[in-house]
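Trainee: This one is model-v1.cif, mmCIF, C-alpha atoms and all ligand atoms.
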data_entry
loop_
_atom_site.label_atom_id
_atom_site.label_comp_id
_atom_site.auth_asym_id
_atom_site.auth_seq_id
_atom_site.Cartn_x
_atom_site.Cartn_y
_atom_site.Cartn_z
CA MET Q 1 -216.12 60.40 109.21
CA LYS Q 2 -213.60 62.96 108.04
CA ILE Q 3 -210.07 62.25 106.83
CA VAL Q 4 -207.70 65.07 107.77
CA LYS Q 5 -204.08 66.04 107.16
CA PRO Q 6 -201.57 66.92 109.89
CA TYR Q 7 -200.50 70.43 110.81
CA ILE Q 8 -197.99 72.01 113.13
CA ASN Q 9 -198.22 75.50 114.61
CA VAL Q 10 -195.11 76.94 116.17
CA GLU Q 11 -195.41 79.77 118.66
CA LYS Q 12 -193.53 82.79 117.32
CA PHE Q 13 -190.16 83.51 118.89
CA ASP Q 14 -187.17 85.72 118.25
CA GLY Q 15 -184.29 83.29 117.63
CA VAL Q 16 -181.48 85.82 117.91
CA LYS Q 17 -182.91 87.21 121.15
CA MET Q 18 -183.11 83.66 122.54
CA MET Q 19 -179.55 82.84 121.56
CA LYS Q 20 -178.24 86.08 123.07
CA LYS Q 21 -179.99 85.32 126.37
CA ILE Q 22 -178.40 81.86 126.36
CA GLU Q 23 -175.01 83.43 125.65
CA ARG Q 24 -175.40 85.82 128.62
CA ALA Q 25 -176.48 82.96 130.90
CA GLY Q 26 -173.67 80.70 129.72
CA ARG Q 27 -170.96 83.34 130.10
CA THR Q 28 -171.84 83.50 133.80
CA CYS Q 29 -169.99 80.18 134.14
CA TYR Q 30 -166.74 81.75 132.94
CA LYS Q 31 -167.30 85.34 134.11
CA SER Q 32 -166.72 86.36 130.51
CA HIS Q 33 -168.61 89.05 128.60
CA VAL Q 34 -170.51 89.44 125.36
CA THR Q 35 -167.84 90.75 123.00
CA SER Q 36 -169.87 91.70 119.90
CA GLU Q 37 -173.33 91.61 118.30
CA ASP Q 38 -172.69 88.12 117.01
CA SER Q 39 -170.37 86.68 119.66
CA TYR Q 40 -173.25 84.37 120.61
CA LYS Q 41 -172.58 82.34 117.43
CA LYS Q 42 -169.12 81.08 118.41
CA PHE Q 43 -170.09 80.82 122.06
CA LEU Q 44 -173.10 78.60 121.33
CA ALA Q 45 -171.15 76.44 118.87
CA ASN Q 46 -168.64 75.77 121.67
CA ILE Q 47 -171.39 75.07 124.22
CA ILE Q 48 -173.01 72.49 121.92
CA SER Q 49 -169.80 70.79 120.79
CA SER Q 50 -168.50 70.50 124.37
CA GLY Q 51 -171.80 69.00 125.64
CA HIS Q 52 -172.37 71.89 128.08
CA GLU Q 53 -176.05 71.68 127.15
CA SER Q 54 -177.72 72.70 130.42
CA VAL Q 55 -177.21 76.30 129.29
CA ILE Q 56 -179.72 75.94 126.45
CA GLU Q 57 -182.41 74.87 128.94
CA HIS Q 58 -183.00 78.59 129.61
CA GLU Q 59 -185.27 78.88 126.54
CA LYS Q 60 -188.32 76.88 125.44
CA ILE Q 61 -190.54 76.40 122.39
CA THR Q 62 -194.25 75.54 122.26
CA ILE Q 63 -195.99 73.82 119.35
CA ARG Q 64 -199.55 72.72 118.55
CA VAL Q 65 -199.84 69.61 116.39
CA LEU Q 66 -202.58 67.62 114.74
CA THR Q 67 -201.47 64.02 114.45
CA ASP Q 68 -202.75 60.53 115.23
CA ARG Q 69 -203.08 58.62 118.48
CA GLY Q 70 -200.05 56.46 117.64
CA ALA Q 71 -197.79 59.51 117.35
CA LEU Q 72 -199.25 60.76 120.65
CA TRP Q 73 -198.20 57.55 122.42
CA ASP Q 74 -194.68 57.85 121.03
CA ILE Q 75 -194.10 61.55 121.61
CA THR Q 76 -195.47 61.56 125.17
CA ARG Q 77 -192.70 59.16 126.19
CA HIS Q 78 -190.49 62.26 126.33
CA ARG Q 79 -190.65 63.05 130.03
CA ILE Q 80 -189.00 66.45 130.23
CA THR Q 81 -191.81 67.96 128.18
CA SER Q 82 -195.20 69.47 129.05
CA PHE Q 83 -198.26 68.18 127.19
CA SER Q 84 -201.93 69.12 126.86
CA VAL Q 85 -203.78 66.52 124.80
CA GLU Q 86 -207.28 66.20 123.31
CA SER Q 87 -208.97 63.79 125.69
CA SER Q 88 -210.94 60.82 124.36
CA ARG Q 89 -212.45 60.58 127.87
CA TYR Q 90 -214.16 63.97 127.62
CA CYS Q 91 -214.61 64.66 123.88
CA ASN Q 92 -217.87 63.12 122.70
CA TYR Q 93 -217.53 62.91 118.92
CA SER Q 94 -221.27 62.24 118.50
CA LYS Q 95 -222.03 65.82 119.61
CA ASP Q 96 -222.73 68.81 117.35
CA ARG Q 97 -219.51 70.61 118.29
CA PHE Q 98 -217.59 67.74 116.69
CA GLU Q 99 -219.91 67.91 113.66
CA LYS Q 100 -221.18 64.45 114.73
CA GLN Q 101 -218.22 62.80 113.11
CA ILE Q 102 -214.87 61.34 114.00
CA LYS Q 103 -211.72 62.70 112.38
CA PHE Q 104 -209.04 60.28 111.28
CA MET Q 105 -205.55 61.11 110.07
CA GLU Q 106 -204.92 60.35 106.41
CA PRO Q 107 -202.83 57.13 106.31
CA PHE Q 108 -200.39 58.65 103.83
CA TYR Q 109 -197.94 55.74 103.98
CA ILE Q 110 -200.47 53.41 102.28
CA LYS Q 111 -201.79 56.06 99.89
CA ASN Q 112 -200.69 54.09 96.80
CA ASP Q 113 -202.01 50.73 98.01
CA GLU Q 114 -205.66 50.56 96.98
CA GLN Q 115 -206.40 47.33 98.85
CA ALA Q 116 -204.80 48.47 102.13
CA LEU Q 117 -206.62 51.81 101.87
CA LYS Q 118 -209.93 50.01 101.36
CA GLU Q 119 -209.35 47.92 104.48
CA TRP Q 120 -208.32 50.98 106.50
CA THR Q 121 -211.42 52.92 105.36
CA GLU Q 122 -213.79 50.06 106.21
CA THR Q 123 -212.24 49.73 109.66
CA MET Q 124 -212.57 53.47 110.40
CA GLU Q 125 -216.20 53.50 109.17
CA THR Q 126 -217.08 50.54 111.40
CA ALA Q 127 -215.33 52.11 114.40
CA GLU Q 128 -217.23 55.36 113.91
CA LYS Q 129 -220.58 53.62 113.37
CA ASN Q 130 -220.23 51.51 116.52
CA TYR Q 131 -218.91 54.44 118.61
CA PHE Q 132 -222.09 56.35 117.72
CA LYS Q 133 -224.24 53.30 118.54
CA LEU Q 134 -222.74 53.12 122.04
CA ALA Q 135 -223.18 56.88 122.46
CA GLU Q 136 -226.87 56.56 121.45
CA GLN Q 137 -227.27 53.87 124.12
CA GLY Q 138 -226.13 56.49 126.63
CA TYR Q 139 -222.54 55.43 127.15
CA LYS Q 140 -220.16 58.27 127.97
CA PRO Q 141 -217.11 58.94 125.75
CA ASP Q 142 -215.11 57.42 128.59
CA VAL Q 143 -216.58 54.05 127.54
CA CYS Q 144 -217.10 54.63 123.79
CA ARG Q 145 -213.40 55.44 123.40
CA MET Q 146 -212.46 51.75 123.57
CA LEU Q 147 -213.59 51.57 119.93
CA LEU Q 148 -211.36 54.41 118.74
CA PRO Q 149 -208.49 53.37 116.46
CA THR Q 150 -204.88 54.50 116.41
CA SER Q 151 -205.64 56.71 113.37
CA LEU Q 152 -207.85 58.98 115.51
CA ALA Q 153 -206.91 62.63 114.86
CA THR Q 154 -205.55 64.15 118.05
CA GLU Q 155 -204.52 67.67 118.90
CA ILE Q 156 -201.50 68.10 121.17
CA VAL Q 157 -199.84 71.19 122.63
CA MET Q 158 -196.31 70.52 123.77
CA THR Q 159 -193.61 72.67 125.33
CA ALA Q 160 -190.00 71.72 125.85
CA ASN Q 161 -186.78 73.54 126.49
CA LEU Q 162 -184.19 73.69 123.71
CA ARG Q 163 -182.07 70.91 125.18
CA GLU Q 164 -185.04 68.53 125.24
CA TRP Q 165 -186.03 69.60 121.70
CA ARG Q 166 -182.52 68.69 120.54
CA HIS Q 167 -182.96 65.26 122.13
CA ILE Q 168 -186.51 64.72 120.81
CA LEU Q 169 -185.66 65.81 117.27
CA THR Q 170 -182.49 63.70 117.17
CA LEU Q 171 -184.59 60.61 117.95
CA ARG Q 172 -187.76 61.51 116.09
CA CYS Q 173 -186.47 62.87 112.76
CA SER Q 174 -184.53 59.72 111.98
CA ASP Q 175 -185.80 57.06 109.59
CA ARG Q 176 -186.29 54.84 112.65
CA ALA Q 177 -189.05 57.11 114.00
CA HIS Q 178 -192.63 56.40 112.94
CA PRO Q 179 -193.67 58.19 109.70
CA THR Q 180 -196.57 60.04 111.38
CA ILE Q 181 -194.10 61.55 113.85
CA ARG Q 182 -191.61 62.44 111.12
CA GLN Q 183 -194.44 64.29 109.34
CA PHE Q 184 -194.25 67.04 111.95
CA THR Q 185 -190.79 66.66 113.52
CA ILE Q 186 -188.88 67.13 110.25
CA PRO Q 187 -190.59 70.43 109.27
CA LEU Q 188 -190.13 71.61 112.86
CA LEU Q 189 -186.41 70.77 112.77
CA LEU Q 190 -186.00 72.54 109.41
CA HIS Q 191 -187.68 75.61 110.89
CA LEU Q 192 -185.41 75.52 113.96
CA LYS Q 193 -182.33 75.09 111.78
CA GLU Q 194 -183.29 78.39 110.12
CA GLU Q 195 -184.25 80.31 113.25
CA LEU Q 196 -181.70 78.89 115.71
CA PRO Q 197 -178.89 77.57 113.49
CA GLU Q 198 -176.25 77.65 116.24
CA ILE Q 199 -178.36 75.23 118.27
CA PHE Q 200 -179.98 72.89 115.72
CA SER Q 201 -177.75 72.83 112.61
CA ASP Q 202 -175.94 69.62 113.63
CA ILE Q 203 -179.06 67.48 114.02
CA PRO Q 204 -179.55 65.01 111.15
CA TYR Q 205 -182.92 63.99 109.73
CA ASP Q 206 -184.37 61.53 107.24
CA GLU Q 207 -183.68 63.37 103.99
CA ASN Q 208 -185.53 60.69 102.00
CA PHE Q 209 -188.83 61.56 103.66
CA ASP Q 210 -191.01 63.07 100.94
CA PRO Q 211 -191.61 66.81 101.68
CA LYS Q 212 -195.07 66.39 100.12
CA ASP Q 213 -195.96 64.39 103.25
CA TYR Q 214 -194.75 67.05 105.70
CA ALA Q 215 -197.33 68.54 108.05
CA LYS Q 216 -198.14 72.13 107.09
CA LEU Q 217 -196.10 74.38 109.38
CA GLU Q 218 -197.35 77.80 110.40
CA VAL Q 219 -195.75 80.26 112.80
CA ILE Q 220 -198.43 81.87 114.96
CA ASP Q 221 -198.39 84.67 117.54
CA GLU Q 222 -200.27 82.78 120.22
CA ILE Q 223 -200.73 79.04 120.64
C1 LIG S 301 -186.95 54.49 117.19
C2 LIG S 301 -187.53 54.31 118.55
C3 LIG S 301 -188.12 53.11 118.90
C4 LIG S 301 -188.67 52.93 120.19
N1 LIG S 301 -189.24 51.74 120.49
C5 LIG S 301 -189.79 51.54 121.72
C6 LIG S 301 -190.42 50.31 122.08
O1 LIG S 301 -190.48 49.39 121.29
N2 LIG S 301 -190.95 50.18 123.32
C7 LIG S 301 -190.88 51.18 124.25
O2 LIG S 301 -191.36 51.01 125.39
N3 LIG S 301 -190.30 52.39 123.92
C8 LIG S 301 -189.76 52.57 122.71
N4 LIG S 301 -189.19 53.80 122.41
C9 LIG S 301 -189.22 54.88 123.41
C10 LIG S 301 -187.86 55.07 124.09
O3 LIG S 301 -187.47 53.94 124.81
C11 LIG S 301 -187.93 56.28 125.04
O4 LIG S 301 -188.88 56.03 126.06
C12 LIG S 301 -188.33 57.56 124.34
O5 LIG S 301 -187.64 57.73 123.15
C13 LIG S 301 -188.07 58.75 125.28
O6 LIG S 301 -186.69 59.05 125.25
P1 LIG S 301 -185.75 59.27 126.51
O7 LIG S 301 -186.13 58.34 127.60
O8 LIG S 301 -184.35 59.28 126.03
O9 LIG S 301 -186.00 60.72 126.86
P2 LIG S 301 -186.79 61.80 127.64
O10 LIG S 301 -187.87 61.26 128.51
O11 LIG S 301 -187.13 62.79 126.59
O12 LIG S 301 -185.65 62.33 128.58
C14 LIG S 301 -184.51 63.00 128.07
C15 LIG S 301 -183.27 62.47 128.72
O13 LIG S 301 -183.33 62.72 130.12
C16 LIG S 301 -182.70 61.64 130.82
N5 LIG S 301 -183.70 61.00 131.66
C17 LIG S 301 -185.04 61.23 131.67
N6 LIG S 301 -185.63 60.48 132.61
C18 LIG S 301 -184.64 59.74 133.18
C19 LIG S 301 -184.63 58.77 134.20
N7 LIG S 301 -185.73 58.38 134.82
N8 LIG S 301 -183.45 58.24 134.55
C20 LIG S 301 -182.31 58.61 133.95
N9 LIG S 301 -182.24 59.52 132.95
C21 LIG S 301 -183.40 60.08 132.58
C22 LIG S 301 -182.15 60.69 129.78
O14 LIG S 301 -180.82 61.06 129.49
C23 LIG S 301 -183.04 60.96 128.59
O15 LIG S 301 -182.42 60.62 127.35
C24 LIG S 301 -188.63 53.98 121.13
C25 LIG S 301 -188.05 55.21 120.76
C26 LIG S 301 -187.51 55.38 119.50
C27 LIG S 301 -186.92 56.71 119.13
#
I need this file expressed as structure tokens, please.
Mentor:
Amino acid sequence: MKIVKPYINVEKFDGVKMMKKIERAGRTCYKSHVTSEDSYKKFLANIISSGHESVIEHEKITIRVLTDRGALWDITRHRITSFSVESSRYCNYSKDRFEKQIKFMEPFYIKNDEQALKEWTETMETAEKNYFKLAEQGYKPDVCRMLLPTSLATEIVMTANLREWRHILTLRCSDRAHPTIRQFTIPLLLHLKEELPEIFSDIPYDENFDPKDYAKLEVIDEI
């Protein structure tokens, strides 16, 4: 068994280029023209504040995340999003390519509770041991997966347009969202506030969430 930390990779994009494209698309509605190098700033601020948000659907962002199965269940409720998810039906964790071990996400929210951590660790060890026993008996991962807990590490690639990202991040960066989701949504939102300020600066987030628990964010050329 291996205990792992979350990460988030964001596919590289040119924020200014994106915002200028959205400006050009949006101005079609009014038959108006780009007036200066930074006229997109005021235009986008107006688009967002007036709720004319279909215009920002013209651009999308893709991320790759390592999180737990619980966060997967929550995040895949967002329907206007495309997902590719590590499948517990096809991944056989008893095989060499998985290093014959199951990866579980570090339960950071009980990190200071020794007793709770002990119980969590025992449960994960038992789940892994019994998963391998079923696999040895010849059961396919399709069957063995019934023993996998919510803490199972799971890789997800997700793509959404900017309007849907605004919606997802508004819901999932708040203190009402599960902590394992906030681990990756808050760093993503902070990144988007920097790269696309005219589109994401108004979205609030749980500022009491400890940055030490953020997923490590890396911008990469290709997801
Ligand atoms: C704090 C929190 C607690 C939650 N607790 C629970 C829970 O206990 N149980 C549970 O089952 N779920 C729960 N959810 C999930 C929640 O009900 C939504 O399913 C999830 O947040 C997806 O959001 P959405 O439907 O707004 O958006 P998306 O699927 O992301 O869609 C975006 C928007 O498109 C529009 N839209 C999409 N599909 C339709 C449609 N079919 N008809 C009309 N408009 C549509 C809506 O305006 C929607 O807001 C919870 C979510 C949060 C954030």
Trainee: Calculated over only C-alpha atoms, which of the candidates Q:Glu106, Q:Glu37, Q:Glu11, Q:Glu53 has the smallest distance to Glu164 of chain Q?
Mentor: Q:Glu53
Trainee: Using all atoms listed in the file, what table do you get, as a tab-separated table, when you list each residue of chain Q with an atom no more than 8 Å from ligand LIG 301 (chain S), its nearest pair of atoms, and their distance in Å rounded to one decimal, rows by chain then rising number?
Mentor:
residue	atom	partner	partner_atom	distance
Q:Asp74	CA	S:LIG301	C9	6.7
Q:Ile75	CA	S:LIG301	C12	7.5
Q:Thr76	CA	S:LIG301	C13	7.9
Q:Arg77	CA	S:LIG301	C13	4.7
Q:His78	CA	S:LIG301	O11	3.4
Q:Arg79	CA	S:LIG301	O10	3.6
Q:Ile80	CA	S:LIG301	O11	5.5
Q:Thr81	CA	S:LIG301	O11	7.2
Q:Glu164	CA	S:LIG301	C14	6.2
Q:His167	CA	S:LIG301	C14	6.5
Q:Ile168	CA	S:LIG301	O11	6.1
Q:Leu171	CA	S:LIG301	C27	4.7
Q:Arg172	CA	S:LIG301	C27	5.7
Q:Ser174	CA	S:LIG301	C1	7.8
Q:Arg176	CA	S:LIG301	C1	4.6
Q:Ala177	CA	S:LIG301	C1	4.6
Q:His178	CA	S:LIG301	C1	7.3
Trainee: My list of candidates is Q:Ala160, Q:Val219, Q:Leu152, Q:Met19. Which is closest to Thr62 of chain Q when distances are computed with only C-alpha atoms?
Mentor: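 Residue with the minimum atom-to-atom distance to Thr62 of chain Q: Q:Ala160.
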Trainee: As an exercise, work out the distance from atom CA of Phe104 of chain Q to atom CA of Pro141 of chain Q in Å and give it to one decimal place.
Mentor: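 Taking atom CA of Phe104 of chain Q and atom CA of Pro141 of chain Q, their separation equals 16.6 Å.
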Trainee: How many Å separate atom CA of Leu190 of chain Q from atom CA of Ala71 of chain Q?
Mentor: 19.3 Å
Trainee: May I have the residues within 10 Å of His191 of chain Q as an MDAnalysis selection string, using all atoms listed in the file and disregarding those fewer than 6 positions away in the same chain?
Mentor: chainID Q and resid 10 185 197 200 217:219
Trainee: When you draw a straight line from atom CA of Glu155 of chain Q to atom CA of Glu86 of chain Q, how long is it in Å?
Mentor: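 Between atom CA of Glu155 of chain Q and atom CA of Glu86 of chain Q the gap is 5.4 Å.
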Trainee: Write out as a PyMOL selection string which residues come within 7 Å of segment 58-60 of chain Q when counting all atoms listed in the file, dropping same-chain ones fewer than 5 positions away.
Mentor: chain Q and resi 18+22+159-162
Trainee: Which residue is closest to Lys129 of chain Q? Choose from Q:Leu192, Q:Ile48, Q:Met1, Q:Val65 and count all atoms listed in the file.
Mentor: Q:Met1
Trainee: Emit as JSON the padded axis-aligned box for all listed atoms of segment 146-150 of chain Q, 6 Å per side, with centre and edge lengths in Å to one decimal.
Mentor:
{"center_x": -209.2, "center_y": 53.0, "center_z": 120.0, "size_x": 20.7, "size_y": 14.9, "size_z": 19.2}
Trainee: Of the candidates Q:Phe209, Q:Phe83, Q:Trp73, Q:Phe98, which shows the shortest atom-to-atom distance to Val157 of chain Q, using only C-alpha atoms?
Mentor: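 Using only C-alpha atoms, the shortest distance to Val157 of chain Q belongs to Q:Phe83.
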Trainee: For Ser36 of chain Q, find every residue with an atom within 12 Å (counting all atoms listed in the file), except residues of its own chain fewer than 3 positions away, and show them as a ChimeraX atom specification.
Mentor: /Q:20,23-24,33,39-43
